[in-house]
Amino acid sequence: MTGPSSAPVTRRTALFITGATATVALSACAGAPVAERTAEPAQAGEVRVLTLNLWHDKGDWPKRRALIVEEVRRLKPDLIALQEVLQRPGLTNQAEDLGQALGYRVSFVSVDPPAAARRYGNAILLAGAGSPAQERKLEPLNDYRTAAHVLAGGDAQRPGVDFYATHLHNERDGGAIRRRQIDSLLGFVDATAHGGRTIVAGDFNTDADAPELAALRARYADAVATAHPDLAGEAGHASTLNPAYLPAQRIDHVFYDPHGFAVIEARIVLNQSRDGVWPSDHFGLFVRLRPLR
């Protein structure tokens with residue numbers, strides 16, 4: 001969940017241009033993350049990351065699914081973090097469905113029991129080799145939030161990438177809860193990471209510079225802020241929320257170990273509609289990282 005949809009729309013919606021075809025592009029200033037771009041050829045050893053809140057089965061899921069599949073095929077991310085993934089009677093687990101269509105390995109985590117007919121949670125999609133997923137129910141347990149982890153790739157010359165996907169508490173005034181969840185998440189990282197090349201992605205339901213994320217920022221860098229240091233003030237909040245549905249705000253993030261990676265690119269994707277259908281009520285965030293070791 002992204003938060004109350006009744007919250008007032010701020011000036012940040014001015015970061016978007018809405019045309020007759022209802023397409024959206026970031027245009028606040030030069031260097032802002034923009035979707036209208038041909039996918040760049042992969043650099044040797046780079047890691048491509050995508051995070052997207054799926055909006056479960058709201059709207060026309062078959063049409064939304066087609067837009068997502070098309071864009072993922074174009075971007076070719078190595079690692080995908082998905083939030084608001086749903087399975088229920090009549091609906092195949094959305095992450096597993098996308099993984100099968102795209103040729104990705106899928107790790108789905110949920111607080112719902114494995115045998116439950118309806119399960120709701122987060123997922124990691126992995127393009128290459130990796131470890132079995134590990135999962136952690138985040139404190140406080142009554143908020144029903146999870147984190148997933150996989151160790152992706154790695155060989156004798158280069159360590160793998162510890163990739164974490166999560167989705168934090170959604171209420172605007174829930175900073176104290178999110179702070180506890182960050183503490184729980186970092187405890188999970190401490191117990192599972194293999195040293196040095198760590199990426200944490202997902203829907204944090206708050207700005208990257210929010211006080212409750214301070215412990216996370218003490219270890220990891222915000223990919224968008226690093227890639228676009230010229231963005232400041234209002235422009236620094238280039239939205240990952242789709243203002244067709246929600247007040248504009250950047251709440252979906254990719255944090256990375258700055259000692260392990262350098263940012264090549266960070267931009268908003270999956271931010272265009274087709275025939276009145278949007279991929280989600282969130283936009284996707286696509287980040288390309290170059291390993292430093």
# chains A, B, ... in the order shown; residues from 1 in each chain; ligands from 1
call {"tool": "residues_around", "arguments": {"residues": "range 144-152 of chain A", "least_positions_apart": "5", "cutoff": "10 Å", "atoms": "only C-alpha atoms", "output": "PyMOL selection string"}}
result
chain A and resi 78-79+81+107-112+120-139+159-169+181+184-185+188-189+192-194+197-202
call {"tool": "residues_around", "arguments": {"residues": "Leu270 in chain A", "least_positions_apart": "4", "cutoff": "9 Å", "atoms": "only C-alpha atoms", "output": "ChimeraX atom specification"}}
result
/A:35,52,67-68,71-72,278-280,282-285
call {"tool": "select_by_dssp", "arguments": {"residues": "range 48-266 of chain A", "states": "strand (DSSP E)", "output": "PyMOL selection string"}}
result
chain A and resi 48-53+79-87+105-110+119-126+134-137+146-152+161-167+198-203+221-222+252-256+261-266
